[in-house]
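A quick write-up on the structure given underneath.
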Amino acid sequence: MGGDVSGALVKHQRNLALDEPHGRIRAFAPSIVPAPLQTATYARTVLTASGLLRPEHVEEVVAIRMRRQRLLIDAEHPRTYVVTETALRRPIGGVETMTEQHLLLLALAELPHVTLRVLPEKHDPPVIWSCGFTITDNATTVEAIPFPLALPITDTRHYLAHFHDLFHAAHPYRL
């Protein structure tokens with residue numbers, strides 16, 4: 001893979017980390033656990049399997065995601081995540097990786113400023129989104145798995161309405 005795409009993805013992950021401490025965040029992830037909620041092993045597995053990063057960039061992006069997670073833990077602003085049940089059941093990295101991932105999600109869901117909701121597999125109408133999205137106070141970013149691809153959306157009304165519907169159809173996270 002050419003360095004341009006891989007390097008651009010690393011740069012975008014850095015930019016996301018700069019935005020994390022500012023304001024409210026609402027995110028929907030249809031296929032995988034959102035990046036700030038991932039364990040290092042889960043992130044490494046997803047990043048490697050994507051084939052989008054050169055091997056030398058994988059550890060750099062894992063480190064960025066772990067810094068984003070520390071920002072999440074220390075945040076004062078509300079963070080709300082909706083994940084699909086399908087994403088939580090997908091055996092990324094095997095049983096040990098998924099057990100570690102679920103334990104981290106349980107711990108993060110206990111934080112007073114974090115709301116984690118799970119959209120059931122049998123949601124009606126079915127949610128068929130190949131991309132997730134993140135809504136901040138300043139922008140909405142559409143995310144192609146496993147990387148946000150810097151597609152800022154200026155009119156966020158559709159995404160806010162859709163997130164509201166997803167949130168209310170989802171259940172609190174628990175094992």
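Chain lettering (A, B, ...) mirrors the order of the structure tokens, residue numbering begins at 1 for each chain separately, and ligand numbering begins at 1 in order of display.
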Would you pick out the contacts of Ala170 of chain A at 7 Å or less, using only C-alpha atoms, so that residues sharing its chain but fewer than 3 positions from it are not included, and give the list as a PyMOL selection string? chain A and resi 117-120+166-167
Write the residues of the selection above to a file with N, CA and C atoms, as a compact mmCIF listing (two decimals), in the first residue's frame.
```
# COMPACT_ATOMS: atom_id res chain seq x y z
N ARG A 117 -25.03 2.31 24.68
CA ARG A 117 -26.27 1.61 24.39
C ARG A 117 -26.02 0.61 23.27
N VAL A 118 -26.80 -0.50 23.30
CA VAL A 118 -26.64 -1.57 22.31
C VAL A 118 -27.93 -1.70 21.52
N LEU A 119 -27.81 -1.60 20.22
CA LEU A 119 -28.94 -1.76 19.33
C LEU A 119 -29.12 -3.25 19.05
N PRO A 120 -30.29 -3.83 19.40
CA PRO A 120 -30.48 -5.27 19.20
C PRO A 120 -30.41 -5.67 17.72
N LEU A 166 -31.85 5.79 16.96
CA LEU A 166 -31.03 4.65 17.32
C LEU A 166 -30.88 4.56 18.84
N PHE A 167 -30.62 5.68 19.47
CA PHE A 167 -30.43 5.70 20.92
C PHE A 167 -31.67 5.17 21.63
```
Atom CA of Arg67 of chain A to atom CA of Pro36 of chain A measures 8.5 Å
When distances are computed from only C-alpha atoms, which of A:Leu111, A:Leu116, A:Ala27, A:Ala49 shows the smallest separation from Glu76 of chain A?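 The shortest atom-to-atom distance to Glu76 of chain A comes from A:Leu111.
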Using only C-alpha atoms, find the one residue out of A:Leu53, A:Arg26, A:Ala107, A:Val62 that sits nearest to Phe163 of chain A.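 Checking each candidate against Phe163 of chain A, we get A:Arg26 as the closest.
The nearest approach to Ala169 of chain A among the residues A:Arg65, A:Arg157, A:Lys122, A:Lys11, with only C-alpha atoms taken into account, belongs to A:Lys122.
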Select from segment 56-116 of chain A everything DSSP, run on the backbone, classes as strand (DSSP E or B), then give the selection as a list in words. Arg79, Thr80, Tyr81, Val82, Val83, Thr84, Val114, Thr115 and Leu116 of chain A
Pick out the residues sitting within 7 Å of Thr115 of chain A, and hand them over as a ChimeraX atom specification; count only C-alpha atoms, and ignore anything fewer than 6 positions along from it in its own chain. /A:79-81,109
Residue nearest Leu37 of chain A - candidates A:Thr86, A:Thr140, A:Ser6, A:Gln101, atoms counted: only C-alpha atoms: A:Gln101
Write out as a list of chain:residue names each polymer residue whose atoms come within 9 Å of Val58 of chain A, counting only C-alpha atoms; drop sequence neighbours fewer than 4 positions from it. A:Val10, A:Ala43, A:Arg44, A:Leu47, A:Thr48, A:Leu53, A:Arg54, A:Val62, A:Ala63
Find the residue from A:Leu108, A:Ile32, A:Leu103, A:Val83 that sits nearest to Glu121 of chain A; use only C-alpha atoms when measuring.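 The shortest atom-to-atom distance to Glu121 of chain A comes from A:Val83.
For the set A:Val46, A:Leu105, A:Thr41, A:Asn138, the residue with the smallest atom-to-atom gap to Val82 of chain A is A:Leu105, counting only C-alpha atoms.
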Just give me the gap between atom CA of His164 of chain A and atom CA of Ile135 of chain A in Å, one decimal is fine.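 We find that atom CA of His164 of chain A and atom CA of Ile135 of chain A lie 11.5 Å from each other.
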Expressed in Å, the length from atom CA of Ala87 of chain A to atom CA of Gln38 of chain A is 11.9 Å
I'd like the neighbourhood of Thr136 of chain A as a compact mmCIF listing (two decimals) with C-alpha atoms, in the first residue's frame, where a residue qualifies if any of its atoms comes within 6 Å (using only C-alpha atoms), though same-chain residues fewer than 3 positions away should be ignored.
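Below you can see around.txt, which holds the result:
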```txt
# COMPACT_ATOMS: atom_id res chain seq x y z
CA ARG A 24 -20.33 16.49 23.64
CA ILE A 25 -19.77 13.43 21.44
CA ALA A 139 -19.14 18.73 12.98
```
